[in-house]
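Novice: A single structure is presented below for examination.
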Amino acid sequence: MTKDLFKVAGRSLKSRLIVGTGKYKNFSETAKSVKASGADMVTVAVRRVNILDKKKPILTDYLDPKKIIFLPNTAGCFNSNEALRTLRLAREMGGWKLVKLEVLGDKKTLYPNMLETIKSTRTLVKEGFKVMVYCTDDPLLAKKLEDNGASAIMPLASPIGSGLGIQNKVNISLIIKQSKVPVIVDAGIGTASDATVAMEMGCDGVLINSAIANAKKPILMAKAFKDAVISGRNSFLAGRMAKKLFASPSSPLKGLI
């Protein structure tokens, strides 16, 4: 087999699983879950997670940013100005230029505000950021993000934290087929099999937070997602058998006694 490389914005990743660092009981559980997942990139909500204040529990005491890639994100931002200010602050604090952008539309659905998202993407790219973008599963808007310089397209599978899995395989498939940058399913994944489905469809990766952090046994669920992503990717590379309307015998009918 040829080496199956996963690159995002020039970064080579060993794992196609990216995990979030929110919603865990404590930073110790976060770190153990990240280790079990095998992920080498984690998202960090700049507005919610302490990464610099030494007077409070600090994430970097449990996850070393020299050994794992921190991906600052704009969770909780509802307009372009908030998102831009948050990521500029992240760059000032830690020198981060590879970032995840999400600009939410409302507090009930947490769907992306795509007009603000596209505007923010354009501005951030001009300022030298490498932007991975959370978006709806609309192929036309996903293409617009790529045209404006997005380093990765991150369509939702279903609403954030819903655990409903992939609700629109057709649109996700269209986004995969048209995109020249990585497509990473983000939001709504509920269990390991959902991640396998995403990878079998040809997604470059998946991002998981709630499904691991809210599991009864987060560390074990993290391991399950690690295996699921690997299995789904291998299945995609292997090429599934063709679907048929009628039965086809497993053994040849010729030469029967």
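Residue names in the structure tokens use chain letters A, B, ... in the order shown, residue numbers from 1 in each chain, and ligand numbers from 1 in the order shown.
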Which residues are near region 122-128 of chain A? Cut-off 8 Å, only C-alpha atoms, ignore same chain within fewer than 3 positions. Put them as number ranges by chain.
Specialist: A: 84, 97, 118-119, 131, 148-150
Novice: Keeping C-alpha atoms for every residue in the selection just given, could you write it to a file as a PDB file, in the first residue's frame?
Specialist:
ATOM      1  CA  LEU A  84     -11.960  37.801  14.382  1.00  0.00           C
ATOM      2  CA  LYS A  97      -2.052  30.823  12.870  1.00  0.00           C
ATOM      3  CA  ILE A 118     -17.515  33.516   4.546  1.00  0.00           C
ATOM      4  CA  LYS A 119     -16.734  37.148   5.403  1.00  0.00           C
ATOM      5  CA  VAL A 131      -8.442  28.580   8.433  1.00  0.00           C
ATOM      6  CA  ASN A 148     -12.028  32.352  -0.347  1.00  0.00           C
ATOM      7  CA  GLY A 149      -8.990  30.434   0.864  1.00  0.00           C
ATOM      8  CA  ALA A 150     -10.253  27.977   3.501  1.00  0.00           C
TER       9      ALA A 150
END
Novice: Please provide the set of residues having any atom within 7 Å of Val19 (chain A), restricted to only C-alpha atoms, with same-chain residues fewer than 6 positions apart removed, written as a list in words.
Specialist: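 Near Val19 (chain A), the qualifying residues are Val34, Ala39, Met41, Val42, Thr43, Leu207, Ile208 and Asn209 of chain A.
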Novice: Just the residues within 7 Å of Lys100 (chain A), please, counting only C-alpha atoms, with nothing from its chain fewer than 3 positions along; format it as an MDAnalysis selection string.
Specialist: chainID A and resid 71:74 131:133
Novice: Given only C-alpha atoms as the basis, pick out the residue of A:Leu13, A:Val183, A:Met201, A:Ala142 nearest to Val170 (chain A).
Specialist: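 Answer, going by the shortest atom-to-atom distance: A:Met201.
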Novice: Could you pull out the residues in region 126-246 of chain A that DSSP calls strand (DSSP E or B) from the backbone, as a list in words?
Specialist: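 Here is the list: Lys130, Val131, Met132, Val133, Tyr134, Cys135, Ala152, Ile153, Met154, Pro155, Val183, Ile184, Val185, Asp186, Gly205, Val206, Leu207 and Ile208 of chain A.
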Novice: List as a ChimeraX atom specification the protein and nucleic acid residues near Gly188 (chain A), meaning an atom at most 8 Å away when only C-alpha atoms are counted, but skip any in the same chain fewer than 3 places from it.
Specialist: /A:156-166
Novice: Store the residues of this selection in a file with all heavy atoms, as a JSON list (two decimals), in the first residue's frame.
Specialist:
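In the end it all went to again.json:
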[["chain", "number", "residue", "atom", "x", "y", "z"],
["A", 156, "LEU", "N", -21.14, 20.21, 8.98],
["A", 156, "LEU", "CA", -21.78, 19.50, 10.08],
["A", 156, "LEU", "C", -22.45, 18.22, 9.58],
["A", 156, "LEU", "O", -22.97, 18.17, 8.47],
["A", 156, "LEU", "CB", -22.78, 20.39, 10.80],
["A", 156, "LEU", "CG", -23.87, 21.12, 9.98],
["A", 156, "LEU", "CD1", -25.04, 20.22, 9.63],
["A", 156, "LEU", "CD2", -24.36, 22.34, 10.75],
["A", 157, "ALA", "N", -22.42, 17.19, 10.40],
["A", 157, "ALA", "CA", -23.17, 15.96, 10.11],
["A", 157, "ALA", "C", -24.62, 16.16, 10.53],
["A", 157, "ALA", "O", -25.55, 15.69, 9.87],
["A", 157, "ALA", "CB", -22.55, 14.78, 10.86],
["A", 158, "SER", "N", -24.79, 16.85, 11.64],
["A", 158, "SER", "CA", -26.09, 17.22, 12.21],
["A", 158, "SER", "C", -25.78, 18.27, 13.28],
["A", 158, "SER", "O", -24.61, 18.60, 13.52],
["A", 158, "SER", "CB", -26.80, 15.99, 12.79],
["A", 158, "SER", "OG", -25.97, 15.26, 13.66],
["A", 159, "PRO", "N", -26.80, 18.84, 13.94],
["A", 159, "PRO", "CA", -26.52, 19.93, 14.90],
["A", 159, "PRO", "C", -25.49, 19.57, 15.96],
["A", 159, "PRO", "O", -25.41, 18.43, 16.41],
["A", 159, "PRO", "CB", -27.90, 20.20, 15.51],
["A", 159, "PRO", "CG", -28.86, 19.84, 14.43],
["A", 159, "PRO", "CD", -28.25, 18.64, 13.75],
["A", 160, "ILE", "N", -24.72, 20.58, 16.37],
["A", 160, "ILE", "CA", -23.67, 20.40, 17.38],
["A", 160, "ILE", "C", -24.23, 19.73, 18.63],
["A", 160, "ILE", "O", -25.26, 20.14, 19.17],
["A", 160, "ILE", "CB", -23.07, 21.78, 17.77],
["A", 160, "ILE", "CG1", -22.26, 22.37, 16.61],
["A", 160, "ILE", "CG2", -22.18, 21.65, 19.01],
["A", 160, "ILE", "CD1", -21.76, 23.78, 16.88],
["A", 161, "GLY", "N", -23.55, 18.67, 19.06],
["A", 161, "GLY", "CA", -23.93, 18.01, 20.30],
["A", 161, "GLY", "C", -25.17, 17.16, 20.23],
["A", 161, "GLY", "O", -25.61, 16.62, 21.25],
["A", 162, "SER", "N", -25.77, 17.00, 19.03],
["A", 162, "SER", "CA", -27.02, 16.25, 18.91],
["A", 162, "SER", "C", -26.82, 14.74, 18.92],
["A", 162, "SER", "O", -27.70, 13.98, 19.31],
["A", 162, "SER", "CB", -27.76, 16.66, 17.63],
["A", 162, "SER", "OG", -27.03, 16.22, 16.48],
["A", 163, "GLY", "N", -25.67, 14.28, 18.43],
["A", 163, "GLY", "CA", -25.42, 12.85, 18.36],
["A", 163, "GLY", "C", -26.26, 12.13, 17.32],
["A", 163, "GLY", "O", -26.40, 10.89, 17.36],
["A", 164, "LEU", "N", -26.83, 12.85, 16.36],
["A", 164, "LEU", "CA", -27.73, 12.26, 15.38],
["A", 164, "LEU", "C", -27.00, 11.59, 14.21],
["A", 164, "LEU", "O", -27.62, 10.91, 13.40],
["A", 164, "LEU", "CB", -28.69, 13.33, 14.83],
["A", 164, "LEU", "CG", -29.71, 13.88, 15.82],
["A", 164, "LEU", "CD1", -30.46, 15.07, 15.21],
["A", 164, "LEU", "CD2", -30.70, 12.79, 16.23],
["A", 165, "GLY", "N", -25.70, 11.80, 14.11],
["A", 165, "GLY", "CA", -24.96, 11.22, 12.99],
["A", 165, "GLY", "C", -25.18, 11.99, 11.70],
["A", 165, "GLY", "O", -25.75, 13.08, 11.69],
["A", 166, "ILE", "N", -24.73, 11.43, 10.59],
["A", 166, "ILE", "CA", -24.81, 12.10, 9.29],
["A", 166, "ILE", "C", -26.24, 12.07, 8.77],
["A", 166, "ILE", "O", -26.79, 11.00, 8.49],
["A", 166, "ILE", "CB", -23.86, 11.45, 8.27],
["A", 166, "ILE", "CG1", -22.42, 11.56, 8.76],
["A", 166, "ILE", "CG2", -23.99, 12.13, 6.90],
["A", 166, "ILE", "CD1", -21.41, 10.87, 7.89]]
Novice: Write out as an MDAnalysis selection string each polymer residue whose atoms come within 12 Å of Leu220 (chain A), counting only C-alpha atoms; drop sequence neighbours fewer than 6 positions from it.
Specialist: chainID A and resid 29 32:37 191:192 211:214 226:227
Novice: Output as number ranges by chain all residues of region 107-163 of chain A that backbone DSSP marks as alpha helix (DSSP H).
Specialist: A: 114-126, 139-147
Novice: Could you list, as number ranges by chain, every residue within 10 Å of Asp137 (chain A), counting only C-alpha atoms and ignoring same-chain residues fewer than 2 positions away?
Specialist: A: 134-135, 139-142, 153-158, 167-175, 185
Novice: Can you work out which one of A:Phe236, A:Leu110, A:Glu116, A:Ile68 has the shortest atom-to-atom distance to Ile18 (chain A), counting only C-alpha atoms?
Specialist: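 Of A:Phe236, A:Leu110, A:Glu116, A:Ile68, the one nearest Ile18 (chain A), counting only C-alpha atoms, is A:Ile68.
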Novice: Could you name the residues that touch Glu92 (chain A) at 12 Å or less, counting only C-alpha atoms, but leaving out those on the same chain fewer than 4 positions away, as a VMD selection string?
Specialist: chain A and resid 46 52 72 85 to 88 96 to 97
Novice: What separation in Å, quoted to one decimal, exists between CA of Ile189 (chain A) and CA of Ala75 (chain A)?
Specialist: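 Answer for the CA of Ile189 (chain A) to CA of Ala75 (chain A) separation: 17.1 Å.
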